[in-house]
>>> print(open('data.txt').read())   # compact mmCIF, C-alpha atoms
# COMPACT_ATOMS: atom_id res chain seq x y z
CA MET A 1 -145.38 -37.13 -127.23
CA GLU A 2 -145.63 -34.50 -129.93
CA ILE A 3 -148.86 -34.35 -131.90
CA ARG A 4 -147.11 -35.22 -135.16
CA GLU A 5 -145.45 -38.26 -133.65
CA ARG A 6 -148.76 -39.41 -132.19
CA ALA A 7 -150.49 -38.83 -135.52
CA LEU A 8 -147.86 -40.97 -137.28
CA LYS A 9 -148.28 -43.75 -134.72
CA PHE A 10 -152.07 -43.66 -135.10
CA LEU A 11 -151.71 -43.90 -138.87
CA GLU A 12 -149.42 -46.90 -138.48
CA ALA A 13 -151.81 -48.59 -136.00
CA LEU A 14 -154.69 -48.13 -138.46
CA GLY A 15 -152.83 -50.02 -141.16
CA GLY A 16 -151.10 -47.03 -142.76
CA ALA A 17 -152.39 -44.07 -144.74
CA GLU A 18 -153.29 -46.37 -147.64
CA ASN A 19 -155.76 -48.22 -145.41
CA ILE A 20 -157.64 -45.07 -144.38
CA GLU A 21 -160.62 -43.88 -146.39
CA GLU A 22 -161.29 -40.95 -144.12
CA ILE A 23 -160.47 -39.85 -140.60
CA GLU A 24 -161.49 -36.83 -138.58
CA GLY A 25 -161.01 -35.68 -135.04
CA CYS A 26 -164.11 -34.93 -133.06
CA ILE A 27 -163.62 -33.36 -129.64
CA THR A 28 -162.96 -36.64 -127.83
CA ARG A 29 -162.42 -39.24 -130.51
CA LEU A 30 -161.07 -40.01 -133.92
CA ARG A 31 -163.71 -41.31 -136.24
CA GLY A 32 -163.51 -42.51 -139.78
CA THR A 33 -163.57 -45.43 -142.13
CA VAL A 34 -160.86 -47.89 -143.11
CA LYS A 35 -160.56 -50.03 -146.23
CA ASP A 36 -159.61 -53.24 -144.44
CA PRO A 37 -160.60 -53.45 -140.75
CA SER A 38 -158.36 -56.52 -140.26
CA LYS A 39 -155.34 -54.25 -140.73
CA VAL A 40 -156.25 -52.22 -137.64
CA ASP A 41 -153.85 -53.14 -134.84
CA VAL A 42 -155.85 -52.92 -131.61
CA LYS A 43 -152.80 -53.62 -129.42
CA LYS A 44 -150.85 -50.78 -131.03
CA LEU A 45 -153.80 -48.46 -130.55
CA GLN A 46 -154.07 -49.42 -126.89
CA ALA A 47 -150.34 -48.85 -126.44
CA LEU A 48 -151.02 -45.27 -127.58
CA GLY A 49 -153.13 -44.78 -124.46
CA ILE A 50 -156.55 -44.76 -126.07
CA ILE A 51 -159.50 -45.05 -123.73
CA GLY A 52 -161.24 -48.42 -123.81
CA ARG A 53 -161.22 -50.41 -127.04
CA PRO A 54 -161.59 -48.98 -130.51
CA ILE A 55 -165.17 -49.31 -131.70
CA LEU A 56 -165.23 -51.05 -135.08
CA MET A 57 -168.49 -51.33 -136.99
CA GLY A 58 -167.96 -52.70 -140.44
CA LYS A 59 -165.44 -50.31 -141.97
CA GLY A 60 -166.31 -47.57 -139.50
CA ILE A 61 -163.99 -46.93 -136.60
CA GLN A 62 -164.14 -44.73 -133.53
CA ILE A 63 -161.23 -44.31 -131.15
CA VAL A 64 -161.57 -42.35 -127.90
CA VAL A 65 -158.32 -40.47 -127.45
CA GLY A 66 -159.18 -37.49 -125.23
CA THR A 67 -159.69 -33.80 -125.84
CA HIS A 68 -156.73 -33.47 -128.25
CA ALA A 69 -158.56 -35.63 -130.81
CA GLU A 70 -159.07 -32.81 -133.29
CA LEU A 71 -155.36 -31.92 -133.26
CA ILE A 72 -154.39 -35.51 -133.99
CA GLY A 73 -157.06 -35.91 -136.68
CA THR A 74 -155.97 -32.71 -138.41
CA GLU A 75 -152.32 -33.80 -138.29
CA MET A 76 -153.17 -37.26 -139.66
CA ASN A 77 -154.92 -35.64 -142.60
CA LYS A 78 -151.93 -33.38 -143.20
CA ILE A 79 -149.60 -36.37 -143.27
CA MET A 80 -151.97 -38.31 -145.55
CA ARG A 81 -151.96 -35.39 -147.98
CA GLY A 82 -148.18 -35.54 -147.92
CA GLY A 83 -147.68 -32.47 -145.73
CA MET B 1 -160.19 -25.83 -102.07
CA LYS B 2 -163.09 -25.93 -104.42
CA ILE B 3 -163.94 -24.92 -107.95
CA GLU B 4 -167.54 -24.15 -108.79
CA VAL B 5 -168.79 -25.03 -112.25
CA VAL B 6 -171.72 -22.87 -113.29
CA ALA B 7 -174.29 -24.32 -115.69
CA PRO B 8 -173.15 -23.50 -119.26
CA LEU B 9 -176.67 -23.97 -120.65
CA SER B 10 -180.21 -23.49 -119.39
CA GLY B 11 -182.34 -26.59 -119.23
CA ARG B 12 -183.09 -29.87 -117.55
CA VAL B 13 -180.31 -31.74 -115.71
CA VAL B 14 -179.78 -35.31 -116.95
CA SER B 15 -177.42 -37.92 -115.47
CA LEU B 16 -174.60 -39.09 -117.73
CA GLU B 17 -175.85 -42.70 -117.75
CA LYS B 18 -178.82 -41.49 -119.77
CA VAL B 19 -176.67 -39.98 -122.54
CA PRO B 20 -176.86 -42.28 -125.59
CA ASP B 21 -173.14 -42.11 -126.34
CA PRO B 22 -170.79 -44.54 -124.55
CA VAL B 23 -167.99 -41.97 -124.28
CA PHE B 24 -170.19 -40.00 -121.91
CA SER B 25 -172.52 -42.66 -120.42
CA GLN B 26 -169.56 -44.87 -119.48
CA ARG B 27 -167.61 -41.83 -118.26
CA MET B 28 -164.67 -42.78 -120.50
CA LEU B 29 -163.23 -39.28 -120.19
CA GLY B 30 -164.65 -38.27 -116.84
CA ASP B 31 -167.65 -37.61 -114.64
CA GLY B 32 -170.17 -34.80 -114.85
CA LEU B 33 -173.78 -34.16 -115.84
CA ALA B 34 -175.67 -33.42 -119.03
CA ILE B 35 -178.15 -30.65 -119.78
CA GLU B 36 -181.15 -30.93 -122.11
CA PRO B 37 -181.11 -27.32 -123.27
CA THR B 38 -184.15 -25.11 -123.60
CA GLU B 39 -182.28 -22.37 -125.46
CA GLY B 40 -179.22 -22.03 -127.64
CA ARG B 41 -177.01 -19.91 -125.43
CA VAL B 42 -173.80 -21.38 -123.99
CA VAL B 43 -171.69 -19.62 -121.36
CA ALA B 44 -168.30 -20.40 -119.84
CA PRO B 45 -168.70 -22.83 -116.91
CA VAL B 46 -165.58 -21.54 -115.14
CA SER B 47 -163.12 -18.70 -115.59
CA GLY B 48 -159.95 -19.65 -117.41
CA ARG B 49 -158.36 -20.29 -120.75
CA LEU B 50 -160.30 -21.73 -123.69
CA SER B 51 -157.85 -24.61 -124.11
CA VAL B 52 -159.79 -26.66 -126.65
CA PHE B 53 -162.26 -25.24 -129.14
CA HIS B 54 -163.35 -27.48 -131.95
CA SER B 55 -163.37 -25.87 -135.39
CA SER B 56 -167.05 -26.69 -135.76
CA LYS B 57 -167.75 -24.78 -132.52
CA HIS B 58 -169.87 -27.56 -131.03
CA ALA B 59 -167.53 -28.36 -128.14
CA PHE B 60 -164.91 -26.68 -125.99
CA VAL B 61 -162.84 -26.97 -122.84
CA VAL B 62 -162.28 -24.12 -120.38
CA GLN B 63 -159.25 -24.73 -118.21
CA ALA B 64 -159.86 -23.52 -114.63
CA SER B 65 -156.40 -24.62 -113.49
CA GLU B 66 -153.58 -26.78 -114.76
CA THR B 67 -155.42 -29.94 -113.73
CA VAL B 68 -159.05 -28.93 -113.95
CA GLY B 69 -160.73 -28.37 -117.31
CA VAL B 70 -164.43 -28.43 -118.06
CA LEU B 71 -165.56 -29.96 -121.35
CA VAL B 72 -168.89 -28.78 -122.76
CA HIS B 73 -170.16 -30.81 -125.71
CA ILE B 74 -173.18 -29.13 -127.30
CA GLY B 75 -175.49 -31.85 -128.54
CA LEU B 76 -174.56 -35.38 -129.62
CA ASP B 77 -172.81 -36.21 -132.91
CA THR B 78 -173.09 -32.51 -133.74
CA VAL B 79 -169.55 -32.53 -135.20
CA LYS B 80 -171.34 -33.68 -138.35
CA LEU B 81 -173.05 -30.30 -138.65
CA GLN B 82 -169.56 -28.89 -139.36
CA GLY B 83 -170.34 -25.65 -137.61
CA ARG B 84 -173.72 -25.07 -139.25
CA SER B 85 -176.07 -23.57 -136.64
CA PHE B 86 -173.17 -22.68 -134.29
CA PHE B 87 -171.88 -19.15 -133.81
CA SER B 88 -169.09 -17.79 -131.66
CA GLU B 89 -167.03 -14.67 -131.17
CA VAL B 90 -164.32 -16.22 -129.00
CA GLN B 91 -161.20 -18.05 -130.09
CA LEU B 92 -159.00 -20.87 -128.94
CA GLY B 93 -156.61 -19.58 -126.27
CA ASP B 94 -158.85 -16.71 -125.11
CA GLN B 95 -159.19 -15.99 -121.41
CA VAL B 96 -162.86 -16.18 -120.54
CA GLN B 97 -164.92 -15.41 -117.45
CA ALA B 98 -167.43 -17.79 -115.88
CA GLY B 99 -170.85 -16.83 -117.23
CA GLN B 100 -169.43 -15.15 -120.35
CA GLU B 101 -171.30 -16.13 -123.51
CA LEU B 102 -169.10 -18.35 -125.67
CA VAL B 103 -171.37 -19.95 -128.24
CA ARG B 104 -174.84 -19.43 -129.62
CA PHE B 105 -176.56 -22.15 -131.56
CA ASP B 106 -179.87 -22.56 -133.30
CA LEU B 107 -181.53 -25.18 -131.10
CA GLN B 108 -184.43 -25.76 -133.48
CA SER B 109 -182.24 -26.34 -136.53
CA VAL B 110 -180.01 -28.77 -134.59
CA VAL B 111 -183.13 -30.76 -133.67
CA ASP B 112 -184.55 -30.43 -137.20
CA ALA B 113 -181.29 -31.81 -138.61
CA GLY B 114 -181.91 -34.95 -136.54
CA TYR B 115 -179.44 -34.41 -133.71
CA SER B 116 -180.01 -34.60 -129.97
CA PRO B 117 -179.21 -31.27 -128.30
CA LEU B 118 -178.42 -33.11 -125.04
CA SER B 119 -175.16 -31.53 -123.87
CA PRO B 120 -172.70 -33.34 -121.59
CA VAL B 121 -170.62 -31.19 -119.22
CA ILE B 122 -167.73 -33.29 -117.95
CA LEU B 123 -164.42 -33.04 -116.15
CA PRO B 124 -161.84 -34.93 -118.25
CA ASP B 125 -158.70 -36.42 -116.70
CA LEU B 126 -159.53 -35.28 -113.19
CA PRO B 127 -157.10 -36.77 -110.63
CA SER B 128 -158.84 -39.57 -108.74
CA HIS B 129 -158.61 -37.88 -105.33
CA TYR B 130 -160.59 -34.88 -106.59
CA ARG B 131 -164.23 -35.17 -105.58
CA ILE B 132 -167.20 -33.97 -107.60
CA GLU B 133 -170.47 -32.81 -106.08
CA LYS B 134 -173.43 -32.59 -108.42
CA THR B 135 -176.41 -30.31 -108.22
CA ASN B 136 -179.73 -31.67 -106.96
CA ARG B 137 -181.63 -29.23 -109.15
CA GLU B 138 -183.80 -30.55 -111.95
CA GLN B 139 -183.51 -27.34 -113.95
CA VAL B 140 -180.53 -25.00 -114.20
CA ARG B 141 -180.10 -21.52 -115.63
CA ALA B 142 -177.01 -20.73 -117.71
CA GLY B 143 -174.52 -18.60 -115.83
CA VAL B 144 -176.69 -18.55 -112.70
CA ASP B 145 -176.96 -21.98 -111.08
CA ILE B 146 -174.03 -24.10 -109.92
CA LEU B 147 -173.96 -27.43 -111.77
CA LEU B 148 -170.89 -29.11 -110.26
CA VAL B 149 -168.46 -28.42 -107.44
CA ILE B 150 -164.95 -29.86 -107.54
CA LEU B 151 -163.36 -30.39 -104.13
CA PHE B 152 -159.68 -31.07 -103.59
CA ASP B 153 -156.93 -30.84 -101.02
CA GLU B 154 -154.88 -27.67 -101.10
CA ARG B 155 -151.60 -29.46 -100.34
CA GLU B 156 -151.31 -30.56 -103.98
>>> encode(input="data.txt", output="structure tokens")
Amino acid sequence: MEIRERALKFLEALGGAENIEEIEGCITRLRGTVKDPSKVDVKKLQALGIIGRPILMGKGIQIVVGTHAELIGTEMNKIMRGG
Amino acid sequence: MKIEVVAPLSGRVVSLEKVPDPVFSQRMLGDGLAIEPTEGRVVAPVSGRLSVFHSSKHAFVVQASETVGVLVHIGLDTVKLQGRSFFSEVQLGDQVQAGQELVRFDLQSVVDAGYSPLSPVILPDLPSHYRIEKTNREQVRAGVDILLVILFDERE
């Protein structure tokens, strides 16, 4: 799957761009904060091949995606800025 | 066939279970070892292409072959330093040689900023029939001592 397509699917699984306060790609995981954690679709995230379960702590979220995490995070931010 | 992974940092060898980050302690991405560094010099663990290099320079992957990459994560949660204290002359996509210096970091300022410098060295997405042998050494020297050996069948 292309990075952009994956980024779009991750955005959707996190409840859409409007639900994301911030997101960044570390080397192995996406981490950020969401406005409404109940809008995060765990099943959709797992269907994207994430490793284990997303870690939700309050509004904070961490998703282990593998070593392409930074690429996806960067692309998600581009899409959120309308790029 | 085997691929030798040379220690990317000098310091004390620590098992992954002792790393206080579930991604590494639960081996979510793969097996390996961690190093508690005694100095801020990081060398390439294998020869190959720098296939992942985070913009904050705190973590990278050197790809020894199509299936074998070695991930070095310098310190824990150090992405939050956004590159402060990390210096590098190499770039994503560069061909590097095992033992070649890739990153320098200011160990003291990483610690002073409240981060653990404990550095996992892992083998992400390794096929399950590949075996990993780990060093018995308690201390390793960057670019000198073998940290891990990956063994696999040549018929692949």
>>> interface_residues(input="data.txt", of="chain A", to="chain B", cutoff="8 Å", atoms="all atoms listed in the file", output="ChimeraX atom specification")
/A:26-27,51-52,64,66-68,70
>>> write_last_selection(input="data.txt", atoms="C-alpha atoms", output="CSV table (one decimal), in the coordinates of the input")
chain,number,residue,atom,x,y,z
A,26,CYS,CA,-164.1,-34.9,-133.1
A,27,ILE,CA,-163.6,-33.4,-129.6
A,51,ILE,CA,-159.5,-45.0,-123.7
A,52,GLY,CA,-161.2,-48.4,-123.8
A,64,VAL,CA,-161.6,-42.4,-127.9
A,66,GLY,CA,-159.2,-37.5,-125.2
A,67,THR,CA,-159.7,-33.8,-125.8
A,68,HIS,CA,-156.7,-33.5,-128.2
A,70,GLU,CA,-159.1,-32.8,-133.3
>>> atom_distance(input="data.txt", atom1="CA of Arg81 in chain A", atom2="CA of Arg84 in chain B")
25.6 Å
>>> closest_residue(input="data.txt", among="A:Ile72, A:Leu14, A:Met80, A:Leu8", to="Lys43 in chain A", atoms="only C-alpha atoms")
A:Leu14
>>> atom_distance(input="data.txt", atom1="CA of Leu56 in chain A", atom2="CA of Val70 in chain B")
28.3 Å
>>> residues_around(input="data.txt", residues="Gly16 in chain A", least_positions_apart="4", cutoff="10 Å", atoms="all atoms listed in the file", output="list of chain:residue names")
A:Leu8, A:Lys9, A:Phe10, A:Leu11, A:Glu12, A:Ile20, A:Val34, A:Lys39, A:Val40, A:Met80
>>> atom_distance(input="data.txt", atom1="CA of Ile122 in chain B", atom2="CA of Asp106 in chain B")
22.3 Å
>>> decode(input="data.txt", residues="range 43-156 of chain B", atoms="C-alpha atoms", output="PDB file, in the first residue's frame")
ATOM      1  CA  VAL B  43      28.600   3.417  14.275  1.00  0.00           C
ATOM      2  CA  ALA B  44      26.907   1.344  11.581  1.00  0.00           C
ATOM      3  CA  PRO B  45      26.150  -2.165  12.909  1.00  0.00           C
ATOM      4  CA  VAL B  46      26.354  -3.738   9.432  1.00  0.00           C
ATOM      5  CA  SER B  47      27.348  -2.641   5.951  1.00  0.00           C
ATOM      6  CA  GLY B  48      24.449  -1.625   3.751  1.00  0.00           C
ATOM      7  CA  ARG B  49      22.019   1.101   2.882  1.00  0.00           C
ATOM      8  CA  LEU B  50      20.731   3.582   5.464  1.00  0.00           C
ATOM      9  CA  SER B  51      17.097   2.725   4.730  1.00  0.00           C
ATOM     10  CA  VAL B  52      15.463   4.629   7.576  1.00  0.00           C
ATOM     11  CA  PHE B  53      16.903   7.718   9.223  1.00  0.00           C
ATOM     12  CA  HIS B  54      14.609   9.708  11.434  1.00  0.00           C
ATOM     13  CA  SER B  55      14.726  13.477  10.904  1.00  0.00           C
ATOM     14  CA  SER B  56      15.651  13.960  14.545  1.00  0.00           C
ATOM     15  CA  LYS B  57      18.666  11.660  14.033  1.00  0.00           C
ATOM     16  CA  HIS B  58      17.923   9.566  17.118  1.00  0.00           C
ATOM     17  CA  ALA B  59      17.189   6.331  15.262  1.00  0.00           C
ATOM     18  CA  PHE B  60      18.074   4.589  12.024  1.00  0.00           C
ATOM     19  CA  VAL B  61      17.969   1.309  10.137  1.00  0.00           C
ATOM     20  CA  VAL B  62      20.887  -0.092   8.127  1.00  0.00           C
ATOM     21  CA  GLN B  63      19.724  -2.667   5.617  1.00  0.00           C
ATOM     22  CA  ALA B  64      22.243  -5.532   5.337  1.00  0.00           C
ATOM     23  CA  SER B  65      20.131  -7.367   2.763  1.00  0.00           C
ATOM     24  CA  GLU B  66      16.610  -7.229   1.414  1.00  0.00           C
ATOM     25  CA  THR B  67      15.263  -9.050   4.463  1.00  0.00           C
ATOM     26  CA  VAL B  68      17.717  -8.083   7.176  1.00  0.00           C
ATOM     27  CA  GLY B  69      17.778  -4.572   8.599  1.00  0.00           C
ATOM     28  CA  VAL B  70      19.209  -3.466  11.920  1.00  0.00           C
ATOM     29  CA  LEU B  71      17.349  -0.779  13.852  1.00  0.00           C
ATOM     30  CA  VAL B  72      19.368   1.318  16.298  1.00  0.00           C
ATOM     31  CA  HIS B  73      17.289   3.529  18.580  1.00  0.00           C
ATOM     32  CA  ILE B  74      19.513   5.934  20.526  1.00  0.00           C
ATOM     33  CA  GLY B  75      17.956   6.438  23.928  1.00  0.00           C
ATOM     34  CA  LEU B  76      14.278   6.151  24.873  1.00  0.00           C
ATOM     35  CA  ASP B  77      11.639   8.747  23.952  1.00  0.00           C
ATOM     36  CA  THR B  78      14.477  10.804  22.486  1.00  0.00           C
ATOM     37  CA  VAL B  79      12.295  11.754  19.491  1.00  0.00           C
ATOM     38  CA  LYS B  80      11.091  14.515  21.819  1.00  0.00           C
ATOM     39  CA  LEU B  81      14.536  16.127  21.717  1.00  0.00           C
ATOM     40  CA  GLN B  82      13.795  16.870  18.028  1.00  0.00           C
ATOM     41  CA  GLY B  83      17.399  16.412  17.048  1.00  0.00           C
ATOM     42  CA  ARG B  84      18.875  18.530  19.841  1.00  0.00           C
ATOM     43  CA  SER B  85      22.111  16.860  21.009  1.00  0.00           C
ATOM     44  CA  PHE B  86      22.296  14.639  17.892  1.00  0.00           C
ATOM     45  CA  PHE B  87      24.718  15.235  15.033  1.00  0.00           C
ATOM     46  CA  SER B  88      25.265  13.362  11.805  1.00  0.00           C
ATOM     47  CA  GLU B  89      27.000  13.719   8.473  1.00  0.00           C
ATOM     48  CA  VAL B  90      25.226  10.864   6.700  1.00  0.00           C
ATOM     49  CA  GLN B  91      21.899  10.908   4.914  1.00  0.00           C
ATOM     50  CA  LEU B  92      18.981   8.626   4.259  1.00  0.00           C
ATOM     51  CA  GLY B  93      19.846   6.298   1.379  1.00  0.00           C
ATOM     52  CA  ASP B  94      23.623   6.434   1.890  1.00  0.00           C
ATOM     53  CA  GLN B  95      25.661   3.256   1.595  1.00  0.00           C
ATOM     54  CA  VAL B  96      27.535   2.804   4.849  1.00  0.00           C
ATOM     55  CA  GLN B  97      30.202   0.407   6.076  1.00  0.00           C
ATOM     56  CA  ALA B  98      30.004  -1.577   9.314  1.00  0.00           C
ATOM     57  CA  GLY B  99      31.910   0.404  11.933  1.00  0.00           C
ATOM     58  CA  GLN B 100      31.521   3.724  10.097  1.00  0.00           C
ATOM     59  CA  GLU B 101      30.502   6.557  12.408  1.00  0.00           C
ATOM     60  CA  LEU B 102      26.909   7.572  11.680  1.00  0.00           C
ATOM     61  CA  VAL B 103      25.780   9.701  14.604  1.00  0.00           C
ATOM     62  CA  ARG B 104      27.349  11.554  17.489  1.00  0.00           C
ATOM     63  CA  PHE B 105      25.271  12.652  20.427  1.00  0.00           C
ATOM     64  CA  ASP B 106      25.879  14.516  23.633  1.00  0.00           C
ATOM     65  CA  LEU B 107      25.305  11.769  26.197  1.00  0.00           C
ATOM     66  CA  GLN B 108      25.364  14.125  29.163  1.00  0.00           C
ATOM     67  CA  SER B 109      22.802  16.527  27.728  1.00  0.00           C
ATOM     68  CA  VAL B 110      20.456  13.645  26.808  1.00  0.00           C
ATOM     69  CA  VAL B 111      20.635  12.472  30.434  1.00  0.00           C
ATOM     70  CA  ASP B 112      20.331  16.043  31.746  1.00  0.00           C
ATOM     71  CA  ALA B 113      17.193  16.517  29.651  1.00  0.00           C
ATOM     72  CA  GLY B 114      15.658  13.602  31.556  1.00  0.00           C
ATOM     73  CA  TYR B 115      15.926  10.857  28.955  1.00  0.00           C
ATOM     74  CA  SER B 116      17.352   7.361  29.296  1.00  0.00           C
ATOM     75  CA  PRO B 117      20.256   6.825  26.891  1.00  0.00           C
ATOM     76  CA  LEU B 118      19.529   3.070  26.864  1.00  0.00           C
ATOM     77  CA  SER B 119      19.692   2.146  23.177  1.00  0.00           C
ATOM     78  CA  PRO B 120      17.868  -0.878  21.736  1.00  0.00           C
ATOM     79  CA  VAL B 121      19.461  -2.607  18.734  1.00  0.00           C
ATOM     80  CA  ILE B 122      16.851  -4.830  17.128  1.00  0.00           C
ATOM     81  CA  LEU B 123      16.131  -6.808  13.988  1.00  0.00           C
ATOM     82  CA  PRO B 124      12.652  -5.773  12.773  1.00  0.00           C
ATOM     83  CA  ASP B 125      10.514  -8.079  10.630  1.00  0.00           C
ATOM     84  CA  LEU B 126      13.059 -10.886  10.583  1.00  0.00           C
ATOM     85  CA  PRO B 127      11.600 -14.055   9.000  1.00  0.00           C
ATOM     86  CA  SER B 128      10.812 -16.571  11.742  1.00  0.00           C
ATOM     87  CA  HIS B 129      13.270 -19.214  10.505  1.00  0.00           C
ATOM     88  CA  TYR B 130      16.185 -16.794  10.886  1.00  0.00           C
ATOM     89  CA  ARG B 131      18.011 -17.428  14.151  1.00  0.00           C
ATOM     90  CA  ILE B 132      19.672 -14.791  16.302  1.00  0.00           C
ATOM     91  CA  GLU B 133      22.679 -15.454  18.510  1.00  0.00           C
ATOM     92  CA  LYS B 134      23.427 -12.852  21.152  1.00  0.00           C
ATOM     93  CA  THR B 135      26.748 -11.928  22.658  1.00  0.00           C
ATOM     94  CA  ASN B 136      27.639 -13.184  26.134  1.00  0.00           C
ATOM     95  CA  ARG B 137      29.744 -10.103  26.771  1.00  0.00           C
ATOM     96  CA  GLU B 138      28.712  -7.688  29.489  1.00  0.00           C
ATOM     97  CA  GLN B 139      30.483  -4.766  27.831  1.00  0.00           C
ATOM     98  CA  VAL B 140      30.896  -4.083  24.123  1.00  0.00           C
ATOM     99  CA  ARG B 141      33.009  -1.619  22.179  1.00  0.00           C
ATOM    100  CA  ALA B 142      31.472   0.236  19.229  1.00  0.00           C
ATOM    101  CA  GLY B 143      32.688  -1.088  15.901  1.00  0.00           C
ATOM    102  CA  VAL B 144      34.846  -3.747  17.569  1.00  0.00           C
ATOM    103  CA  ASP B 145      32.757  -6.392  19.343  1.00  0.00           C
ATOM    104  CA  ILE B 146      30.070  -8.519  17.721  1.00  0.00           C
ATOM    105  CA  LEU B 147      26.686  -7.923  19.374  1.00  0.00           C
ATOM    106  CA  LEU B 148      24.417 -10.249  17.389  1.00  0.00           C
ATOM    107  CA  VAL B 149      24.817 -12.928  14.745  1.00  0.00           C
ATOM    108  CA  ILE B 150      21.968 -13.717  12.366  1.00  0.00           C
ATOM    109  CA  LEU B 151      21.982 -17.271  11.002  1.00  0.00           C
ATOM    110  CA  PHE B 152      19.894 -18.417   8.074  1.00  0.00           C
ATOM    111  CA  ASP B 153      19.687 -21.055   5.382  1.00  0.00           C
ATOM    112  CA  GLU B 154      21.272 -20.152   2.076  1.00  0.00           C
ATOM    113  CA  ARG B 155      18.549 -21.832   0.013  1.00  0.00           C
ATOM    114  CA  GLU B 156      16.243 -18.837   0.522  1.00  0.00           C
TER     115      GLU B 156
END
